[in-house]
>>> print(open('work-v1.cif').read())   # mmCIF, C-alpha atoms
data_run
loop_
_atom_site.group_PDB
_atom_site.id
_atom_site.type_symbol
_atom_site.label_atom_id
_atom_site.label_comp_id
_atom_site.auth_asym_id
_atom_site.auth_seq_id
_atom_site.Cartn_x
_atom_site.Cartn_y
_atom_site.Cartn_z
ATOM 1 C CA MET A 25 191.124 75.356 -5.761
ATOM 2 C CA LYS A 26 187.975 74.336 -3.918
ATOM 3 C CA LYS A 27 185.197 72.698 -5.920
ATOM 4 C CA LYS A 28 181.881 74.515 -6.021
ATOM 5 C CA LEU A 29 179.317 72.703 -3.934
ATOM 6 C CA PRO A 30 175.535 72.796 -4.444
ATOM 7 C CA PRO A 31 173.581 75.434 -2.455
ATOM 8 C CA ILE A 32 172.494 72.975 0.224
ATOM 9 C CA SER A 33 173.042 75.390 3.125
ATOM 10 C CA GLU A 34 171.066 78.135 1.418
ATOM 11 C CA LEU A 35 168.193 75.773 0.650
ATOM 12 C CA SER A 36 168.219 74.491 4.240
ATOM 13 C CA VAL A 37 167.888 78.038 5.561
ATOM 14 C CA LEU A 38 164.987 78.537 3.158
ATOM 15 C CA VAL A 39 163.329 75.358 4.487
ATOM 16 C CA LEU A 40 163.796 76.644 8.013
ATOM 17 C CA ALA A 41 162.217 79.986 7.133
ATOM 18 C CA VAL A 42 159.264 78.316 5.378
ATOM 19 C CA VAL A 43 158.487 75.850 8.203
ATOM 20 C CA VAL A 44 158.855 78.553 10.844
ATOM 21 C CA ALA A 45 156.492 80.836 8.898
ATOM 22 C CA GLY A 46 153.956 78.009 8.493
ATOM 23 C CA GLY A 47 154.238 77.062 12.163
ATOM 24 C CA VAL A 48 153.850 80.647 13.368
ATOM 25 C CA TYR A 49 150.802 81.146 11.117
ATOM 26 C CA LEU A 50 149.119 78.044 12.510
ATOM 27 C CA ALA A 51 150.077 78.743 16.137
ATOM 28 C CA ALA A 52 148.826 82.322 15.830
ATOM 29 C CA HIS A 53 145.378 81.057 14.808
ATOM 30 C CA LEU A 54 144.998 78.285 17.371
ATOM 31 C CA PRO A 55 142.709 77.062 18.761
ATOM 32 C CA LYS A 56 140.063 78.560 16.473
ATOM 33 C CA HIS A 57 139.325 76.885 13.164
ATOM 34 C CA THR A 58 141.249 78.529 10.403
ATOM 35 C CA THR A 59 142.259 77.642 6.879
ATOM 36 C CA LEU A 60 145.093 75.142 6.795
ATOM 37 C CA VAL A 61 146.052 76.076 3.233
ATOM 38 C CA PRO A 62 149.012 78.395 4.021
ATOM 39 C CA THR A 63 150.589 75.894 6.429
ATOM 40 C CA THR A 64 149.920 72.965 4.081
ATOM 41 C CA LEU A 65 151.586 74.913 1.300
ATOM 42 C CA ALA A 66 154.543 75.681 3.573
ATOM 43 C CA VAL A 67 154.896 72.011 4.510
ATOM 44 C CA VAL A 68 154.717 70.865 0.875
ATOM 45 C CA ILE A 69 157.271 73.462 -0.281
ATOM 46 C CA ALA A 70 159.617 72.751 2.637
ATOM 47 C CA GLY A 71 159.303 68.976 2.173
ATOM 48 C CA GLY A 72 160.036 69.360 -1.542
ATOM 49 C CA ILE A 73 163.149 71.435 -0.880
ATOM 50 C CA VAL A 74 164.387 68.873 1.664
ATOM 51 C CA LEU A 75 164.027 66.169 -1.009
ATOM 52 C CA VAL A 76 165.922 68.339 -3.510
ATOM 53 C CA ASN A 77 168.632 68.836 -0.886
ATOM 54 C CA LEU A 78 168.928 65.081 -0.315
ATOM 55 C CA ILE A 79 169.291 64.523 -4.071
ATOM 56 C CA LEU A 80 171.924 67.276 -4.316
ATOM 57 C CA LEU A 81 173.742 65.776 -1.360
ATOM 58 C CA ARG A 82 173.875 62.340 -2.997
ATOM 59 C CA GLN A 83 175.416 63.824 -6.115
ATOM 60 C CA ILE A 84 178.454 65.240 -4.330
ATOM 61 C CA LYS A 85 181.505 63.190 -5.223
ATOM 62 C CA GLU A 86 184.312 64.428 -2.991
ATOM 63 C CA PHE A 87 183.074 65.206 0.458
ATOM 64 C CA ASP A 88 183.968 64.471 4.061
ATOM 65 C CA TRP A 89 181.099 62.100 4.748
ATOM 66 C CA LYS A 90 182.581 61.070 8.101
ATOM 67 C CA VAL A 91 182.330 64.591 9.480
ATOM 68 C CA PHE A 92 178.930 65.046 7.844
ATOM 69 C CA THR A 93 177.607 61.869 9.503
ATOM 70 C CA THR A 94 179.045 62.752 12.917
ATOM 71 C CA VAL A 95 177.509 66.222 12.934
ATOM 72 C CA ALA A 96 174.224 65.088 11.377
ATOM 73 C CA LYS A 97 173.858 62.239 13.892
ATOM 74 C CA TRP A 98 174.283 64.483 16.939
ATOM 75 C CA THR A 99 172.073 67.182 15.457
ATOM 76 C CA LEU A 100 169.357 64.637 14.720
ATOM 77 C CA LEU A 101 169.529 63.394 18.301
ATOM 78 C CA ALA A 102 169.380 66.891 19.812
ATOM 79 C CA TYR A 103 166.715 68.389 17.572
ATOM 80 C CA GLY A 104 164.810 65.107 17.343
ATOM 81 C CA LEU A 105 164.342 65.343 21.120
ATOM 82 C CA PHE A 106 163.460 69.007 20.704
ATOM 83 C CA ALA A 107 160.802 68.143 18.113
ATOM 84 C CA ALA A 108 159.512 65.228 20.213
ATOM 85 C CA ALA A 109 159.019 67.523 23.206
ATOM 86 C CA LEU A 110 157.045 69.978 21.057
ATOM 87 C CA GLU A 111 154.975 67.143 19.555
ATOM 88 C CA TYR A 112 154.126 65.927 23.052
ATOM 89 C CA ILE A 113 152.983 69.436 23.973
ATOM 90 C CA PHE A 114 150.747 69.744 20.913
ATOM 91 C CA ILE A 115 149.144 66.354 21.604
ATOM 92 C CA LYS A 116 148.703 67.185 25.275
ATOM 93 C CA ASP A 117 147.091 70.491 24.348
ATOM 94 C CA GLY A 118 144.436 68.605 22.418
ATOM 95 C CA SER A 119 145.583 69.261 18.859
ATOM 96 C CA ARG A 120 144.048 66.623 16.593
ATOM 97 C CA GLY A 121 143.313 65.896 12.943
ATOM 98 C CA GLY A 122 144.651 68.189 10.252
ATOM 99 C CA VAL A 123 146.252 70.651 12.657
ATOM 100 C CA LEU A 124 148.179 67.903 14.456
ATOM 101 C CA GLY A 125 149.127 66.325 11.122
ATOM 102 C CA LEU A 126 150.556 69.611 9.860
ATOM 103 C CA MET A 127 152.366 70.319 13.125
ATOM 104 C CA THR A 128 153.855 66.812 13.042
ATOM 105 C CA ALA A 129 154.933 67.181 9.419
ATOM 106 C CA THR A 130 156.474 70.569 10.234
ATOM 107 C CA LEU A 131 158.423 69.079 13.144
ATOM 108 C CA ILE A 132 159.596 66.098 11.057
ATOM 109 C CA ILE A 133 160.854 68.405 8.303
ATOM 110 C CA PHE A 134 162.523 70.595 10.940
ATOM 111 C CA ALA A 135 164.232 67.567 12.525
ATOM 112 C CA ILE A 136 165.454 66.218 9.151
ATOM 113 C CA ASN A 137 166.499 69.557 7.692
ATOM 114 C CA LEU A 138 168.767 70.641 10.540
ATOM 115 C CA PRO A 139 171.085 67.587 10.458
ATOM 116 C CA ILE A 140 171.520 68.089 6.695
ATOM 117 C CA HIS A 141 172.243 71.787 7.201
ATOM 118 C CA PHE A 142 174.628 71.429 10.140
ATOM 119 C CA GLY A 143 176.388 68.376 8.677
ATOM 120 C CA PHE A 144 176.884 70.004 5.282
ATOM 121 C CA THR A 145 177.995 73.368 6.666
ATOM 122 C CA VAL A 146 180.659 71.749 8.846
ATOM 123 C CA ALA A 147 181.788 69.108 6.335
ATOM 124 C CA ARG A 148 182.210 71.600 3.472
ATOM 125 C CA TYR A 149 185.152 73.160 5.332
ATOM 126 C CA SER A 150 186.542 69.848 6.419
ATOM 127 C CA ASN A 151 188.787 69.198 3.423
ATOM 128 C CA THR A 152 190.287 72.670 3.397
ATOM 129 C CA LYS A 153 194.029 72.451 3.060
ATOM 130 C CA ASN A 154 196.114 74.120 5.707
ATOM 131 C CA MET B 18 192.442 87.904 3.383
ATOM 132 C CA ALA B 19 195.605 86.511 4.877
ATOM 133 C CA HIS B 20 195.779 82.759 4.970
ATOM 134 C CA ASP B 21 196.784 82.385 8.596
ATOM 135 C CA VAL B 22 198.315 79.090 9.522
ATOM 136 C CA ILE B 23 197.948 78.411 13.186
ATOM 137 C CA THR B 24 200.602 76.211 14.670
ATOM 138 C CA GLN B 25 199.025 75.639 18.040
ATOM 139 C CA LYS B 26 198.571 72.279 19.685
ATOM 140 C CA PRO B 27 195.543 70.461 18.235
ATOM 141 C CA GLY B 28 192.344 70.791 20.209
ATOM 142 C CA ASP B 29 192.157 68.511 23.180
ATOM 143 C CA PHE B 30 188.612 69.572 23.983
ATOM 144 C CA LYS B 31 185.201 68.038 23.512
ATOM 145 C CA ILE B 32 182.855 69.598 20.971
ATOM 146 C CA VAL B 33 179.897 68.352 22.995
ATOM 147 C CA PRO B 34 180.689 68.631 26.729
ATOM 148 C CA THR B 35 179.231 65.249 27.622
ATOM 149 C CA SER B 36 179.721 65.783 31.363
ATOM 150 C CA ALA B 37 176.979 68.448 31.220
ATOM 151 C CA ILE B 38 174.445 66.189 29.473
ATOM 152 C CA PRO B 39 172.938 64.952 32.797
ATOM 153 C CA LEU B 40 172.195 68.581 33.705
ATOM 154 C CA VAL B 41 170.478 69.078 30.361
ATOM 155 C CA ALA B 42 168.503 65.869 30.935
ATOM 156 C CA ILE B 43 167.351 67.168 34.339
ATOM 157 C CA VAL B 44 166.075 70.378 32.728
ATOM 158 C CA TYR B 45 164.264 68.410 29.987
ATOM 159 C CA VAL B 46 162.619 66.054 32.491
ATOM 160 C CA GLY B 47 161.634 68.982 34.708
ATOM 161 C CA LEU B 48 160.153 70.769 31.718
ATOM 162 C CA LEU B 49 158.127 67.738 30.659
ATOM 163 C CA VAL B 50 156.844 67.311 34.226
ATOM 164 C CA ALA B 51 155.843 70.990 34.270
ATOM 165 C CA VAL B 52 153.964 70.568 30.995
ATOM 166 C CA ALA B 53 152.355 67.280 32.057
ATOM 167 C CA THR B 54 151.163 68.648 35.401
ATOM 168 C CA ASN B 55 150.283 72.052 33.887
ATOM 169 C CA ARG B 56 151.228 73.836 37.118
ATOM 170 C CA LEU B 57 151.315 77.588 36.699
ATOM 171 C CA TRP B 58 154.361 78.147 38.896
ATOM 172 C CA ALA B 59 156.407 75.449 37.145
ATOM 173 C CA LEU B 60 155.496 76.750 33.672
ATOM 174 C CA ASP B 61 156.219 80.314 34.735
ATOM 175 C CA PHE B 62 159.547 79.195 36.210
ATOM 176 C CA PHE B 63 160.755 77.514 33.019
ATOM 177 C CA HIS B 64 159.550 80.352 30.820
ATOM 178 C CA VAL B 65 160.886 83.213 32.931
ATOM 179 C CA VAL B 66 164.185 81.625 33.975
ATOM 180 C CA GLY B 67 164.860 80.117 30.545
ATOM 181 C CA GLY B 68 163.870 83.323 28.771
ATOM 182 C CA ALA B 69 165.857 85.582 31.108
ATOM 183 C CA CYS B 70 168.992 83.468 30.631
ATOM 184 C CA TRP B 71 168.478 83.213 26.857
ATOM 185 C CA THR B 72 167.944 86.963 26.487
ATOM 186 C CA ALA B 73 170.836 87.826 28.790
ATOM 187 C CA VAL B 74 173.226 85.485 26.957
ATOM 188 C CA ASP B 75 172.197 86.843 23.544
ATOM 189 C CA LEU B 76 172.463 90.479 24.632
ATOM 190 C CA PHE B 77 175.793 89.939 26.380
ATOM 191 C CA LEU B 78 177.182 87.998 23.444
ATOM 192 C CA GLY B 79 175.818 90.344 20.807
ATOM 193 C CA PHE B 80 176.746 93.659 22.367
ATOM 194 C CA VAL B 81 179.561 92.981 24.851
ATOM 195 C CA VAL B 82 181.524 89.803 24.126
ATOM 196 C CA GLY B 83 180.998 89.850 20.343
ATOM 197 C CA PRO B 84 182.616 93.225 19.669
ATOM 198 C CA ILE B 85 185.506 92.287 21.985
ATOM 199 C CA ILE B 86 186.101 89.015 20.118
ATOM 200 C CA GLY B 87 185.980 90.977 16.874
ATOM 201 C CA THR B 88 189.059 92.930 17.917
ATOM 202 C CA MET B 89 191.045 89.861 19.062
ATOM 203 C CA SER B 90 193.731 88.157 17.010
ATOM 204 C CA ILE B 91 192.863 84.840 15.322
ATOM 205 C CA PRO B 92 194.924 82.756 17.825
ATOM 206 C CA ALA B 93 193.219 84.552 20.729
ATOM 207 C CA ARG B 94 189.794 83.934 19.162
ATOM 208 C CA MET B 95 190.679 80.287 18.765
ATOM 209 C CA GLU B 96 191.698 79.952 22.380
ATOM 210 C CA PHE B 97 188.505 81.683 23.497
ATOM 211 C CA SER B 98 186.347 79.610 21.149
ATOM 212 C CA LYS B 99 187.750 76.314 22.407
ATOM 213 C CA LYS B 100 186.546 77.093 25.903
ATOM 214 C CA PHE B 101 183.418 79.071 25.117
ATOM 215 C CA MET B 102 181.700 77.458 22.161
ATOM 216 C CA PRO B 103 181.306 73.872 23.446
ATOM 217 C CA LYS B 104 179.302 75.280 26.331
ATOM 218 C CA MET B 105 177.009 77.084 23.904
ATOM 219 C CA VAL B 106 176.321 73.825 22.021
ATOM 220 C CA LEU B 107 174.388 72.483 25.017
ATOM 221 C CA LEU B 108 173.340 75.668 26.769
ATOM 222 C CA MET B 109 171.430 77.462 24.026
ATOM 223 C CA PRO B 110 169.128 74.664 22.795
ATOM 224 C CA THR B 111 168.273 73.872 26.424
ATOM 225 C CA LEU B 112 167.404 77.482 27.235
ATOM 226 C CA VAL B 113 165.417 77.825 24.025
ATOM 227 C CA ILE B 114 163.260 74.715 24.519
ATOM 228 C CA ALA B 115 162.608 75.597 28.190
ATOM 229 C CA THR B 116 161.569 79.135 27.225
ATOM 230 C CA LEU B 117 159.401 78.187 24.259
ATOM 231 C CA ALA B 118 157.686 75.136 25.741
ATOM 232 C CA GLY B 119 157.111 76.907 29.066
ATOM 233 C CA GLY B 120 155.922 80.058 27.292
ATOM 234 C CA TRP B 121 153.511 78.270 24.975
ATOM 235 C CA GLN B 122 151.941 76.345 27.831
ATOM 236 C CA LEU B 123 151.807 79.464 29.969
ATOM 237 C CA ALA B 124 150.067 81.416 27.201
ATOM 238 C CA ARG B 125 147.614 78.559 26.788
ATOM 239 C CA HIS B 126 147.064 78.275 30.551
ATOM 240 C CA GLU B 127 146.328 82.006 30.818
ATOM 241 C CA GLY B 128 144.278 82.154 27.602
ATOM 242 C CA PHE B 129 146.715 84.500 25.834
ATOM 243 C CA ILE B 130 146.651 82.399 22.657
ATOM 244 C CA LEU B 131 142.934 83.026 22.159
ATOM 245 C CA SER B 132 142.480 85.604 19.423
ATOM 246 C CA SER B 133 139.850 87.339 21.567
ATOM 247 C CA ASP B 134 142.377 87.928 24.351
ATOM 248 C CA LYS B 135 143.936 91.402 24.632
ATOM 249 C CA HIS B 136 147.404 89.835 24.906
ATOM 250 C CA HIS B 137 147.024 87.894 21.664
ATOM 251 C CA PRO B 138 148.576 90.434 19.234
ATOM 252 C CA TRP B 139 151.641 90.682 21.462
ATOM 253 C CA VAL B 140 151.878 86.899 21.754
ATOM 254 C CA VAL B 141 151.780 86.655 17.955
ATOM 255 C CA ALA B 142 154.456 89.368 17.774
ATOM 256 C CA SER B 143 156.622 87.311 20.123
ATOM 257 C CA MET B 144 156.085 84.241 17.915
ATOM 258 C CA ILE B 145 157.317 86.210 14.901
ATOM 259 C CA VAL B 146 160.379 87.430 16.800
ATOM 260 C CA VAL B 147 161.116 83.875 17.950
ATOM 261 C CA GLY B 148 160.669 82.694 14.360
ATOM 262 C CA VAL B 149 163.262 85.183 13.119
ATOM 263 C CA LEU B 150 165.552 84.226 16.006
ATOM 264 C CA ALA B 151 165.168 80.553 15.108
ATOM 265 C CA VAL B 152 166.104 81.142 11.460
ATOM 266 C CA VAL B 153 169.118 83.278 12.388
ATOM 267 C CA ALA B 154 170.316 81.035 15.215
ATOM 268 C CA LEU B 155 169.762 77.657 13.543
ATOM 269 C CA GLY B 156 170.460 78.810 10.008
ATOM 270 C CA PHE B 157 173.676 80.727 10.607
ATOM 271 C CA LEU B 158 174.881 80.984 14.195
ATOM 272 C CA GLU B 159 174.843 77.374 15.393
ATOM 273 C CA PRO B 160 176.372 75.796 12.250
ATOM 274 C CA ALA B 161 179.136 78.431 12.374
ATOM 275 C CA ASN B 162 179.731 77.593 16.023
ATOM 276 C CA ILE B 163 180.040 73.867 15.309
ATOM 277 C CA GLY B 164 182.136 74.532 12.201
ATOM 278 C CA VAL B 165 184.657 76.520 14.253
ATOM 279 C CA LEU B 166 184.854 73.739 16.819
ATOM 280 C CA PHE B 167 185.520 71.087 14.150
ATOM 281 C CA GLU B 168 188.185 73.288 12.588
ATOM 282 C CA LEU B 169 189.839 73.769 15.965
ATOM 283 C CA LYS B 170 189.964 70.005 16.399
ATOM 284 C CA LYS B 171 192.219 69.633 13.363
ATOM 285 C CA GLU B 172 195.958 69.058 13.527
ATOM 286 C CA ASN B 173 196.538 72.451 11.896
ATOM 287 C CA PRO B 174 193.408 74.607 12.190
ATOM 288 C CA ASN B 175 192.916 76.955 9.262
ATOM 289 C CA GLY B 176 192.791 80.519 10.535
ATOM 290 C CA GLU B 177 191.033 81.733 7.401
ATOM 291 C CA VAL B 178 188.154 79.293 7.843
ATOM 292 C CA ILE B 179 187.905 80.120 11.551
ATOM 293 C CA GLY B 180 187.987 83.851 10.817
ATOM 294 C CA LYS B 181 185.220 83.490 8.226
ATOM 295 C CA LEU B 182 182.984 81.396 10.466
ATOM 296 C CA MET B 183 183.653 83.570 13.509
ATOM 297 C CA LYS B 184 182.683 86.654 11.524
ATOM 298 C CA ARG B 185 179.395 84.974 10.663
ATOM 299 C CA PHE B 186 178.965 83.975 14.305
ATOM 300 C CA LEU B 187 179.571 87.525 15.535
ATOM 301 C CA TYR B 188 177.266 89.212 13.001
ATOM 302 C CA THR B 189 174.424 86.819 13.739
ATOM 303 C CA ALA B 190 175.012 87.175 17.497
ATOM 304 C CA GLY B 191 174.507 90.921 16.992
ATOM 305 C CA ILE B 192 171.245 90.301 15.107
ATOM 306 C CA THR B 193 169.946 87.985 17.839
ATOM 307 C CA GLY B 194 170.889 90.668 20.372
ATOM 308 C CA VAL B 195 168.710 93.192 18.526
ATOM 309 C CA MET B 196 165.849 90.672 18.312
ATOM 310 C CA GLN B 197 166.128 90.114 22.055
ATOM 311 C CA VAL B 198 165.559 93.837 22.628
ATOM 312 C CA ALA B 199 162.283 93.359 20.732
ATOM 313 C CA THR B 200 161.518 90.371 22.984
ATOM 314 C CA LEU B 201 162.080 92.499 26.084
ATOM 315 C CA ILE B 202 159.666 95.149 24.795
ATOM 316 C CA ILE B 203 157.006 92.550 23.923
ATOM 317 C CA MET B 204 157.304 90.589 27.166
ATOM 318 C CA THR B 205 157.189 93.631 29.422
ATOM 319 C CA ARG B 206 154.140 94.846 27.462
ATOM 320 C CA ILE B 207 152.380 91.486 27.908
ATOM 321 C CA ALA B 208 153.109 91.536 31.616
ATOM 322 C CA THR B 209 151.636 95.016 32.100
ATOM 323 C CA LEU B 210 148.522 94.882 29.891
#
>>> encode(input="work-v1.cif", output="structure tokens")
Amino acid sequence: MKKKLPPISELSVLVLAVVVAGGVYLAAHLPKHTTLVPTTLAVVIAGGIVLVNLILLRQIKEFDWKVFTTVAKWTLLAYGLFAAALEYIFIKDGSRGGVLGLMTATLIIFAINLPIHFGFTVARYSNTKN
Amino acid sequence: MAHDVITQKPGDFKIVPTSAIPLVAIVYVGLLVAVATNRLWALDFFHVVGGACWTAVDLFLGFVVGPIIGTMSIPARMEFSKKFMPKMVLLMPTLVIATLAGGWQLARHEGFILSSDKHHPWVVASMIVVGVLAVVALGFLEPANIGVLFELKKENPNGEVIGKLMKRFLYTAGITGVMQVATLIIMTRIATL
């Protein structure tokens, strides 16, 4: 019988939804000055959930860490480049200060969350008996 | 659900088709040059070509290939997946970044992101659609895709796991197909305002 694993995938999808919502809110109001509160809140919530996910991940005893690391490594590379390209665009477009800080934080959370999500989702099926 | 045990030869395929990485690198470099130079044609090219391919792939997968795969036997799905899914691992993120980066810069270049612009509500609508697409694609579709590929790499792939992940893949492909219809409506509206 398979052991029940923590809801890391579900939380990762939630993080994704929160950062996307925060990013869309901010992008929809650029370049005019708007309140940064909703996006800041989104970043704080998403960052907190990522931390919870990392703690939950560390508590798993039996897990295929090799598969997790392989998937997470490649995902980090791919989406790290993705995030870097977007960061370059925001800087080039003249985003500065709080807006740039929030965009950067959003992209960092995005780039950390996806490797956890992909790695966990793949590795959870890895020990399934045939 | 039947616990199908597949006794096919283990996967002798690459999950990430590394031979195609140079092509991806060319697209990325081209995209960055387009953004850096801010040339209208180059931005339009990446946005239109990337977006057309992305939409076409999603619609074709969601409404044509998906339902066909759904009727195939597990071994047939596995055989199809081995050849099809590695290509998607590189293709989709490349199309998405080209479309989004090109589109954002294009909207900025043309002033569509200004809230005073008449295109702005439609641009925001497209951002929301892309946001939903991102959550569906990155939250469900892509991990399922990679999960299937890892399962197929095993000595004895588990048909039950593949069936479960493929089902998720096919449902989410259908959702992205529907979202792409919304994209088509929004984009054609923006172009004709």
>>> resolve_selection(input="work-v1.cif", expression="the PyMOL selection byres ((chain B) within 9 of (chain A))", output="compact mmCIF listing (two decimals) with C-alpha atoms, in the frame of the given file")
# COMPACT_ATOMS: atom_id res chain seq x y z
CA HIS B 20 195.78 82.76 4.97
CA ASP B 21 196.78 82.38 8.60
CA VAL B 22 198.32 79.09 9.52
CA ILE B 23 197.95 78.41 13.19
CA TYR B 45 164.26 68.41 29.99
CA LEU B 49 158.13 67.74 30.66
CA VAL B 52 153.96 70.57 31.00
CA ALA B 53 152.35 67.28 32.06
CA PRO B 110 169.13 74.66 22.80
CA THR B 111 168.27 73.87 26.42
CA ILE B 114 163.26 74.72 24.52
CA ALA B 118 157.69 75.14 25.74
CA TRP B 121 153.51 78.27 24.98
CA GLN B 122 151.94 76.34 27.83
CA ARG B 125 147.61 78.56 26.79
CA ILE B 130 146.65 82.40 22.66
CA LEU B 131 142.93 83.03 22.16
CA SER B 132 142.48 85.60 19.42
CA HIS B 137 147.02 87.89 21.66
CA PRO B 138 148.58 90.43 19.23
CA VAL B 140 151.88 86.90 21.75
CA VAL B 141 151.78 86.66 17.95
CA MET B 144 156.08 84.24 17.92
CA ILE B 145 157.32 86.21 14.90
CA GLY B 148 160.67 82.69 14.36
CA VAL B 149 163.26 85.18 13.12
CA ALA B 151 165.17 80.55 15.11
CA VAL B 152 166.10 81.14 11.46
CA VAL B 153 169.12 83.28 12.39
CA LEU B 155 169.76 77.66 13.54
CA GLY B 156 170.46 78.81 10.01
CA PHE B 157 173.68 80.73 10.61
CA GLU B 159 174.84 77.37 15.39
CA PRO B 160 176.37 75.80 12.25
CA ALA B 161 179.14 78.43 12.37
CA ILE B 163 180.04 73.87 15.31
CA GLY B 164 182.14 74.53 12.20
CA VAL B 165 184.66 76.52 14.25
CA PHE B 167 185.52 71.09 14.15
CA GLU B 168 188.18 73.29 12.59
CA LYS B 171 192.22 69.63 13.36
CA ASN B 173 196.54 72.45 11.90
CA PRO B 174 193.41 74.61 12.19
CA ASN B 175 192.92 76.96 9.26
CA GLY B 176 192.79 80.52 10.54
CA VAL B 178 188.15 79.29 7.84
>>> residues_around(input="work-v1.cif", residues="A:Gly72", least_positions_apart="3", cutoff="12 Å", atoms="only C-alpha atoms", output="PDB file with C-alpha atoms, in the frame of the given file")
ATOM      1  CA  LEU A  35     168.193  75.773   0.650  1.00  0.00           C
ATOM      2  CA  SER A  36     168.219  74.491   4.240  1.00  0.00           C
ATOM      3  CA  LEU A  38     164.987  78.537   3.158  1.00  0.00           C
ATOM      4  CA  VAL A  39     163.329  75.358   4.487  1.00  0.00           C
ATOM      5  CA  VAL A  42     159.264  78.316   5.378  1.00  0.00           C
ATOM      6  CA  VAL A  43     158.487  75.850   8.203  1.00  0.00           C
ATOM      7  CA  LEU A  65     151.586  74.913   1.300  1.00  0.00           C
ATOM      8  CA  ALA A  66     154.543  75.681   3.573  1.00  0.00           C
ATOM      9  CA  VAL A  67     154.896  72.011   4.510  1.00  0.00           C
ATOM     10  CA  VAL A  68     154.717  70.865   0.875  1.00  0.00           C
ATOM     11  CA  ILE A  69     157.271  73.462  -0.281  1.00  0.00           C
ATOM     12  CA  LEU A  75     164.027  66.169  -1.009  1.00  0.00           C
ATOM     13  CA  VAL A  76     165.922  68.339  -3.510  1.00  0.00           C
ATOM     14  CA  ASN A  77     168.632  68.836  -0.886  1.00  0.00           C
ATOM     15  CA  LEU A  78     168.928  65.081  -0.315  1.00  0.00           C
ATOM     16  CA  ILE A  79     169.291  64.523  -4.071  1.00  0.00           C
ATOM     17  CA  ILE A 133     160.854  68.405   8.303  1.00  0.00           C
ATOM     18  CA  ASN A 137     166.499  69.557   7.692  1.00  0.00           C
TER      19      ASN A 137
END
>>> residues_around(input="work-v1.cif", residues="B:Thr200", least_positions_apart="6", cutoff="9 Å", atoms="only C-alpha atoms", output="JSON, numbers by chain")
{"B": [72, 142, 143, 146, 147]}
>>> write_last_selection(input="work-v1.cif", atoms="C-alpha atoms", output="PDB file, in the coordinates of the input")
ATOM      1  CA  THR B  72     167.944  86.963  26.487  1.00  0.00           C
ATOM      2  CA  ALA B 142     154.456  89.368  17.774  1.00  0.00           C
ATOM      3  CA  SER B 143     156.622  87.311  20.123  1.00  0.00           C
ATOM      4  CA  VAL B 146     160.379  87.430  16.800  1.00  0.00           C
ATOM      5  CA  VAL B 147     161.116  83.875  17.950  1.00  0.00           C
TER       6      VAL B 147
END
>>> residues_near_point(input="work-v1.cif", point="(165.5, 90.6, 23.3)", cutoff="12 Å", atoms="all atoms listed in the file", output="VMD selection string")
chain B and resid 68 to 80 143 146 to 147 149 to 150 190 to 205
>>> atom_distance(input="work-v1.cif", atom1="atom CA of B:Lys100", atom2="atom CA of B:Phe30")
8.0 Å
>>> axis_aligned_box(input="work-v1.cif", around="stretch 109-117 of chain B", padding_each_side="3 Å", output="lines of an AutoDock Vina configuration file")
center_x = 165.4
center_y = 76.5
center_z = 25.5
size_x = 18.0
size_y = 11.3
size_z = 11.4
